[in-house]
file coords_10.cif (mmCIF, C-alpha atoms)
data_model
#
loop_
_atom_site.label_atom_id
_atom_site.label_comp_id
_atom_site.auth_asym_id
_atom_site.auth_seq_id
_atom_site.Cartn_x
_atom_site.Cartn_y
_atom_site.Cartn_z
CA MET A 12 19.03 -14.66 -29.60
CA ASN A 13 21.63 -12.56 -27.80
CA LYS A 14 21.27 -11.37 -24.21
CA LYS A 15 20.78 -7.72 -25.15
CA LEU A 16 17.86 -8.55 -27.44
CA MET A 17 16.29 -10.82 -24.83
CA PHE A 18 16.59 -8.04 -22.25
CA ALA A 19 14.98 -5.53 -24.63
CA LEU A 20 12.06 -7.87 -25.31
CA TRP A 21 11.45 -8.53 -21.62
CA PHE A 22 11.73 -4.83 -20.82
CA GLY A 23 9.24 -3.89 -23.56
CA LEU A 24 6.82 -6.58 -22.43
CA CYS A 25 6.87 -5.30 -18.86
CA VAL A 26 6.36 -1.67 -19.86
CA CYS A 27 3.46 -2.48 -22.19
CA ALA A 28 1.74 -4.82 -19.75
CA SER A 29 1.93 -2.35 -16.88
CA ALA A 30 -0.50 -0.02 -18.66
CA ALA A 31 -3.27 -2.66 -18.52
CA PHE A 32 -3.83 -2.30 -14.75
CA GLN A 33 -4.38 1.23 -13.57
CA TYR A 34 -5.66 2.65 -10.32
CA GLU A 35 -5.64 5.85 -8.30
CA VAL A 36 -6.01 6.91 -4.70
CA ILE A 37 -9.08 9.12 -4.33
CA LYS A 38 -9.01 11.81 -1.66
CA GLY A 39 -12.38 11.99 0.09
CA PRO A 40 -14.13 14.50 2.37
CA GLN A 41 -12.49 16.17 5.34
CA GLY A 42 -13.46 14.64 8.67
CA ASN A 43 -15.24 16.68 11.30
CA TRP A 44 -16.08 16.81 15.00
CA ASN A 45 -19.23 14.67 14.77
CA ASP A 46 -18.32 12.04 12.17
CA GLY A 47 -18.60 9.24 14.70
CA GLY A 48 -21.32 10.76 16.85
CA PRO A 49 -21.31 13.78 19.21
CA ASN A 50 -17.77 14.97 19.88
CA ASN A 51 -16.39 11.81 18.30
CA GLY A 52 -14.68 12.77 15.07
CA VAL A 53 -12.38 11.07 12.57
CA TYR A 54 -10.18 13.90 11.30
CA GLY A 55 -8.19 14.34 8.11
CA ASN A 56 -9.35 13.24 4.66
CA SER A 57 -10.84 9.84 3.99
CA PHE A 58 -9.43 7.99 0.97
CA THR A 59 -10.15 5.05 -1.32
CA VAL A 60 -8.29 3.09 -3.98
CA LYS A 61 -10.16 2.97 -7.30
CA VAL A 62 -9.31 0.66 -10.22
CA THR A 63 -9.69 2.57 -13.49
CA GLU A 64 -8.50 -0.08 -15.94
CA GLY A 65 -7.85 -3.82 -16.00
CA SER A 66 -7.58 -6.17 -13.03
CA GLY A 67 -4.94 -7.08 -10.49
CA SER A 68 -3.90 -7.26 -6.87
CA ILE A 69 -3.44 -4.30 -4.52
CA TYR A 70 -0.80 -4.33 -1.78
CA ILE A 71 0.06 -1.92 1.03
CA LEU A 72 3.79 -1.23 1.33
CA ASP A 73 6.29 -0.57 4.08
CA LYS A 74 7.44 3.01 4.50
CA ILE A 75 11.21 3.04 3.87
CA ASN A 76 13.03 5.87 5.65
CA ASN A 77 16.61 4.72 5.18
CA LEU A 78 18.19 2.95 2.19
CA TYR A 79 21.35 2.03 4.09
CA SER A 80 20.23 0.58 7.42
CA MET A 81 17.29 -1.59 8.45
CA SER A 82 17.65 -0.21 11.97
CA GLY A 83 16.86 3.21 10.52
CA ASN A 84 13.48 1.99 9.28
CA GLY A 85 11.40 2.25 12.43
CA GLU A 86 8.06 2.61 10.64
CA LEU A 87 7.86 -0.66 8.75
CA LEU A 88 4.31 -2.00 8.83
CA SER A 89 5.40 -5.02 10.85
CA LEU A 90 6.69 -2.66 13.57
CA ARG A 91 3.60 -0.45 13.68
CA ALA A 92 0.69 -2.79 12.94
CA ASN A 93 -0.49 -6.38 13.28
CA MET A 94 0.29 -7.70 9.79
CA THR A 95 -0.76 -11.29 10.41
CA PRO A 96 -3.57 -12.72 8.23
CA GLY A 97 -6.99 -11.40 9.17
CA ASN A 98 -5.77 -8.16 10.76
CA TYR A 99 -5.70 -5.86 7.71
CA GLY A 100 -7.48 -5.65 4.38
CA TYR A 101 -10.01 -3.57 2.49
CA VAL A 102 -13.44 -2.04 3.16
CA THR A 103 -16.18 -1.89 0.52
CA GLN A 104 -18.38 1.16 -0.01
CA ASP A 105 -21.25 -0.50 1.88
CA GLY A 106 -19.06 -1.00 4.95
CA THR A 107 -18.09 -4.66 4.55
CA ALA A 108 -14.57 -5.32 5.86
CA VAL A 109 -12.59 -8.02 4.03
CA ALA A 110 -9.39 -9.37 5.58
CA GLY A 111 -6.10 -9.96 3.76
CA ASP A 112 -4.92 -13.56 3.55
CA GLY A 113 -1.29 -12.94 4.48
CA THR A 114 0.15 -12.99 0.95
CA THR A 115 3.27 -10.82 0.71
CA ILE A 116 5.77 -9.73 -1.93
CA THR A 117 9.19 -8.10 -1.75
CA THR A 118 9.20 -4.91 -3.81
CA TYR A 119 12.69 -3.71 -2.88
CA GLU A 120 15.74 -5.50 -1.53
CA GLU A 121 19.19 -3.99 -1.83
CA GLN A 122 22.48 -3.67 0.01
CA LYS A 123 24.09 -0.39 -0.97
CA SER A 124 27.56 -1.59 -0.05
CA GLN A 125 29.29 -4.27 1.99
CA TRP A 126 29.23 -1.91 4.97
CA ASN A 127 25.47 -1.39 4.83
CA ASP A 128 22.51 -3.54 5.79
CA VAL A 129 20.27 -5.21 3.27
CA VAL A 130 17.17 -3.01 3.17
CA THR A 131 13.90 -4.76 2.31
CA GLN A 132 10.44 -3.42 1.53
CA THR A 133 7.46 -5.75 1.90
CA GLY A 134 4.04 -5.47 0.30
CA TYR A 135 0.97 -7.02 1.98
CA LYS A 136 -1.88 -8.03 -0.32
CA ILE A 137 -5.29 -6.63 0.60
CA GLY A 138 -7.21 -8.22 -2.28
CA ASP A 139 -7.85 -8.73 -5.99
CA PHE A 140 -9.79 -6.09 -7.90
CA SER A 141 -11.04 -5.15 -11.37
CA VAL A 142 -12.08 -1.98 -13.18
CA GLY A 143 -14.73 -0.02 -11.28
CA ASP A 144 -13.87 -1.39 -7.84
CA GLU A 145 -13.31 1.27 -5.18
CA VAL A 146 -12.29 0.31 -1.65
CA GLY A 147 -10.85 1.70 1.54
CA ILE A 148 -7.96 0.21 3.53
CA TRP A 149 -8.08 -0.99 7.14
CA VAL A 150 -5.37 -2.06 9.56
CA THR A 151 -5.03 -3.21 13.16
CA ASN A 152 -2.47 -1.56 15.41
CA LEU A 153 -0.29 -3.41 17.91
CA ASN A 154 -2.91 -2.90 20.63
CA ASP A 155 -5.58 -4.65 18.51
CA LYS A 156 -7.43 -1.45 17.60
CA THR A 157 -8.75 -1.29 14.05
CA GLY A 158 -9.14 1.72 11.79
CA ALA A 159 -10.06 2.35 8.17
CA SER A 160 -9.45 5.02 5.55
CA ILE A 161 -13.19 5.41 4.91
CA LEU A 162 -16.42 5.19 6.93
CA ASP A 163 -17.11 6.66 10.35
CA LYS A 164 -16.86 5.29 13.89
CA SER A 165 -20.39 3.90 13.75
CA ASN A 166 -18.87 1.03 11.74
CA PRO A 167 -17.11 -1.63 13.89
CA ILE A 168 -13.94 -1.49 11.78
CA ASN A 169 -13.28 2.04 13.08
CA SER A 170 -12.53 1.75 16.80
CA GLU A 171 -12.87 4.65 19.20
CA GLU A 172 -9.08 5.00 19.19
CA MET A 173 -9.00 5.63 15.42
CA ASN A 174 -9.00 9.42 15.13
CA TYR A 175 -7.19 10.49 11.95
CA ARG A 176 -6.60 9.48 8.33
CA GLN A 177 -4.89 11.25 5.47
CA ALA A 178 -4.82 10.63 1.72
CA PHE A 179 -1.30 11.92 1.07
CA VAL A 180 1.49 12.73 3.49
CA GLY A 181 4.57 12.92 1.26
CA THR A 182 6.90 10.19 0.02
CA ASP A 183 9.41 7.75 1.49
CA ALA A 184 13.08 7.28 0.54
CA LEU A 185 12.04 5.16 -2.47
CA GLY A 186 9.65 7.80 -3.78
CA ASN A 187 6.49 5.92 -2.82
CA ASP A 188 3.47 8.09 -1.99
CA LEU A 189 2.51 7.65 1.66
CA PHE A 190 -0.94 7.42 3.26
CA GLU A 191 -1.78 7.54 6.95
CA LEU A 192 -4.03 6.03 9.61
CA THR A 193 -3.54 7.31 13.16
CA PHE A 194 -4.70 6.12 16.58
CA THR A 195 -5.16 8.39 19.59
CA ASP A 196 -2.64 6.79 21.94
CA ASP A 197 -0.62 4.62 19.56
CA GLY A 198 0.48 7.01 16.84
CA ALA A 199 0.51 6.87 13.05
CA ILE A 200 0.75 3.97 10.62
CA PHE A 201 2.13 4.97 7.21
CA PHE A 202 2.02 2.87 4.04
CA GLY A 203 2.25 3.01 0.27
CA VAL A 204 -0.15 1.48 -2.27
CA TYR A 205 1.14 -0.89 -4.95
CA GLY A 206 -0.58 -2.78 -7.76
CA VAL A 207 0.36 -5.91 -9.73
CA GLU A 208 -1.56 -6.82 -12.86
CA SER A 209 -3.34 -10.18 -12.94
CA GLY A 210 -1.15 -12.83 -14.57
CA LYS A 211 1.96 -10.69 -14.42
CA PRO A 212 5.15 -11.97 -12.74
CA LEU A 213 5.59 -10.65 -9.22
CA PRO A 214 8.43 -8.17 -8.57
CA GLY A 215 10.88 -10.79 -7.31
CA VAL A 216 10.41 -12.85 -10.47
CA LEU A 217 10.90 -9.81 -12.69
CA VAL A 218 14.09 -8.96 -10.88
CA THR A 219 15.49 -12.40 -11.68
CA LEU A 220 14.45 -12.22 -15.32
CA LEU A 221 15.81 -8.74 -15.81
CA LEU A 222 19.41 -9.42 -14.83
CA GLY A 223 18.88 -9.02 -11.10
CA SER A 224 18.10 -5.30 -11.27
CA ALA A 225 16.17 -4.34 -8.14
CA ALA A 226 14.91 -1.15 -9.78
CA LEU A 227 13.12 -3.09 -12.50
CA GLY A 228 11.13 -4.98 -9.92
CA ALA A 229 8.69 -2.07 -9.90
CA MET A 230 7.54 -2.54 -13.51
CA GLY A 231 4.28 -4.16 -12.37
CA MET A 232 3.25 -0.98 -10.59
CA LYS A 233 0.98 1.66 -12.03
CA LYS A 234 2.31 5.06 -10.91
CA ARG A 235 0.43 6.14 -7.84
CA SER A 236 -1.63 9.31 -7.97
CA VAL A 237 -3.88 11.25 -5.66
CA ALA A 238 -7.09 12.73 -7.02
CA GLN A 239 -9.65 14.99 -5.43
CA ALA A 240 -13.08 13.39 -5.28
#

call {"tool": "encode", "arguments": {"input": "coords_10.cif", "output": "structure tokens"}}
result
Amino acid sequence: MNKKLMFALWFGLCVCASAAFQYEVIKGPQGNWNDGGPNNGVYGNSFTVKVTEGSGSIYILDKINNLYSMSGNGELLSLRANMTPGNYGYVTQDGTAVAGDGTTITTYEEQKSQWNDVVTQTGYKIGDFSVGDEVGIWVTNLNDKTGASILDKSNPINSEEMNYRQAFVGTDALGNDLFELTFTDDGAIFFGVYGVESGKPLPGVLVTLLLGSAALGAMGMKKRSVAQA
């Protein structure tokens, strides 16, 4: 079998398989002044990730501002949040917070030229999910304050310093949709949402199989979308 035919078969397999795991980000209600008690609001729109087909793993991604310089990417998750195991994860609809185990993947790694830095995007796994699951996302900032994309401040996962969340705030340099959690004195944490189907090769493996093309490493991802609840 020649290389072109092998490439075509691998490419077709990846495209077909990607349709089996689908999810969307659901935009929830607008926060208000009393969400967390008198004069203690959580503003912006809450949001959840809902699996609509199949099963797989969900990751939160670095925001990439600059494709040419790592020093130009000042909002990587590792620079804005505590991304060690146990300090981020997902929240169920009944308020149970589940921590991520520290599993990561590389979804983008490229050096545009010999004069540029290698730019890397990391994904941090929040959990494994199947059709019908709907969860929020929580993180811990560098001052050990936690905040989640759903629930109010009466839940321990939403600290008093968590005061804003937003379901869609534009895209990064790679075209990833961005979502936001913000803390009163410590600023915003931005991230993308990325899914990999159960049993499917992770992005780094796909890149190797598909002739080292970094762009094809995204084949495991269902296109992100934002829907109004």

call {"tool": "residues_around", "arguments": {"input": "coords_10.cif", "residues": "region 84-96 of chain A", "least_positions_apart": "2", "cutoff": "9 Å", "atoms": "only C-alpha atoms", "output": "ChimeraX atom specification"}}
result
/A:71-78,80-82,98-100,110-114,130,132-133,135,150-155,197-202

call {"tool": "write_last_selection", "arguments": {"input": "coords_10.cif", "atoms": "C-alpha atoms", "output": "CSV table (one decimal), in the coordinates of the input"}}
result
chain,number,residue,atom,x,y,z
A,71,ILE,CA,0.1,-1.9,1.0
A,72,LEU,CA,3.8,-1.2,1.3
A,73,ASP,CA,6.3,-0.6,4.1
A,74,LYS,CA,7.4,3.0,4.5
A,75,ILE,CA,11.2,3.0,3.9
A,76,ASN,CA,13.0,5.9,5.6
A,77,ASN,CA,16.6,4.7,5.2
A,78,LEU,CA,18.2,3.0,2.2
A,80,SER,CA,20.2,0.6,7.4
A,81,MET,CA,17.3,-1.6,8.4
A,82,SER,CA,17.6,-0.2,12.0
A,98,ASN,CA,-5.8,-8.2,10.8
A,99,TYR,CA,-5.7,-5.9,7.7
A,100,GLY,CA,-7.5,-5.6,4.4
A,110,ALA,CA,-9.4,-9.4,5.6
A,111,GLY,CA,-6.1,-10.0,3.8
A,112,ASP,CA,-4.9,-13.6,3.6
A,113,GLY,CA,-1.3,-12.9,4.5
A,114,THR,CA,0.2,-13.0,1.0
A,130,VAL,CA,17.2,-3.0,3.2
A,132,GLN,CA,10.4,-3.4,1.5
A,133,THR,CA,7.5,-5.8,1.9
A,135,TYR,CA,1.0,-7.0,2.0
A,150,VAL,CA,-5.4,-2.1,9.6
A,151,THR,CA,-5.0,-3.2,13.2
A,152,ASN,CA,-2.5,-1.6,15.4
A,153,LEU,CA,-0.3,-3.4,17.9
A,154,ASN,CA,-2.9,-2.9,20.6
A,155,ASP,CA,-5.6,-4.6,18.5
A,197,ASP,CA,-0.6,4.6,19.6
A,198,GLY,CA,0.5,7.0,16.8
A,199,ALA,CA,0.5,6.9,13.0
A,200,ILE,CA,0.8,4.0,10.6
A,201,PHE,CA,2.1,5.0,7.2
A,202,PHE,CA,2.0,2.9,4.0

call {"tool": "resolve_selection", "arguments": {"input": "coords_10.cif", "expression": "the PyMOL selection byres ((chain A and resi 122) around 12)", "output": "number ranges by chain"}}
result
A: 77-81, 119-121, 123-131, 225

call {"tool": "atom_distance", "arguments": {"input": "coords_10.cif", "atom1": "CA of Leu162 (chain A)", "atom2": "CA of Gly186 (chain A)"}}
result
28.3 Å

call {"tool": "residues_around", "arguments": {"input": "coords_10.cif", "residues": "region 63-70 of chain A", "least_positions_apart": "4", "cutoff": "9 Å", "atoms": "all atoms listed in the file", "output": "PyMOL selection string"}}
result
chain A and resi 30-35+115-116+134-144+203-211

call {"tool": "atom_distance", "arguments": {"input": "coords_10.cif", "atom1": "CA of Gly52 (chain A)", "atom2": "CA of Gly97 (chain A)"}}
result
26.0 Å

call {"tool": "resolve_selection", "arguments": {"input": "coords_10.cif", "expression": "the PyMOL selection byres ((chain A and resi 191) around 9)", "output": "PDB file with C-alpha atoms, in the coordinates of the input"}}
result
ATOM      1  CA  SER A 160      -9.450   5.020   5.550  1.00  0.00           C
ATOM      2  CA  TYR A 175      -7.190  10.490  11.950  1.00  0.00           C
ATOM      3  CA  ARG A 176      -6.600   9.480   8.330  1.00  0.00           C
ATOM      4  CA  GLN A 177      -4.890  11.250   5.470  1.00  0.00           C
ATOM      5  CA  ALA A 178      -4.820  10.630   1.720  1.00  0.00           C
ATOM      6  CA  PHE A 179      -1.300  11.920   1.070  1.00  0.00           C
ATOM      7  CA  VAL A 180       1.490  12.730   3.490  1.00  0.00           C
ATOM      8  CA  LEU A 189       2.510   7.650   1.660  1.00  0.00           C
ATOM      9  CA  PHE A 190      -0.940   7.420   3.260  1.00  0.00           C
ATOM     10  CA  LEU A 192      -4.030   6.030   9.610  1.00  0.00           C
ATOM     11  CA  THR A 193      -3.540   7.310  13.160  1.00  0.00           C
ATOM     12  CA  ALA A 199       0.510   6.870  13.050  1.00  0.00           C
ATOM     13  CA  ILE A 200       0.750   3.970  10.620  1.00  0.00           C
ATOM     14  CA  PHE A 201       2.130   4.970   7.210  1.00  0.00           C
ATOM     15  CA  PHE A 202       2.020   2.870   4.040  1.00  0.00           C
TER      16      PHE A 202
END

call {"tool": "atom_distance", "arguments": {"input": "coords_10.cif", "atom1": "CA of Trp149 (chain A)", "atom2": "CA of Thr118 (chain A)"}}
result
20.8 Å

call {"tool": "resolve_selection", "arguments": {"input": "coords_10.cif", "expression": "the PyMOL selection byres ((chain A and resi 58) around 7)", "output": "ChimeraX atom specification"}}
result
/A:36-39,56-57,59,147,160-161,178

call {"tool": "closest_residue", "arguments": {"input": "coords_10.cif", "among": "A:Tyr101, A:Gly83, A:Leu185, A:Glu145", "to": "Thr157 (chain A)", "atoms": "all atoms listed in the file"}}
result
A:Tyr101

call {"tool": "closest_residue", "arguments": {"input": "coords_10.cif", "among": "A:Ala159, A:Ala108, A:Val146, A:Val62", "to": "Met173 (chain A)", "atoms": "all atoms listed in the file"}}
result
A:Ala159

call {"tool": "closest_residue", "arguments": {"input": "coords_10.cif", "among": "A:Asn166, A:Thr195, A:Asn187, A:Asn174", "to": "Thr103 (chain A)", "atoms": "only C-alpha atoms"}}
result
A:Asn166

call {"tool": "closest_residue", "arguments": {"input": "coords_10.cif", "among": "A:Pro167, A:Asn43, A:Glu172, A:Gly106", "to": "Asp196 (chain A)", "atoms": "only C-alpha atoms"}}
result
A:Glu172
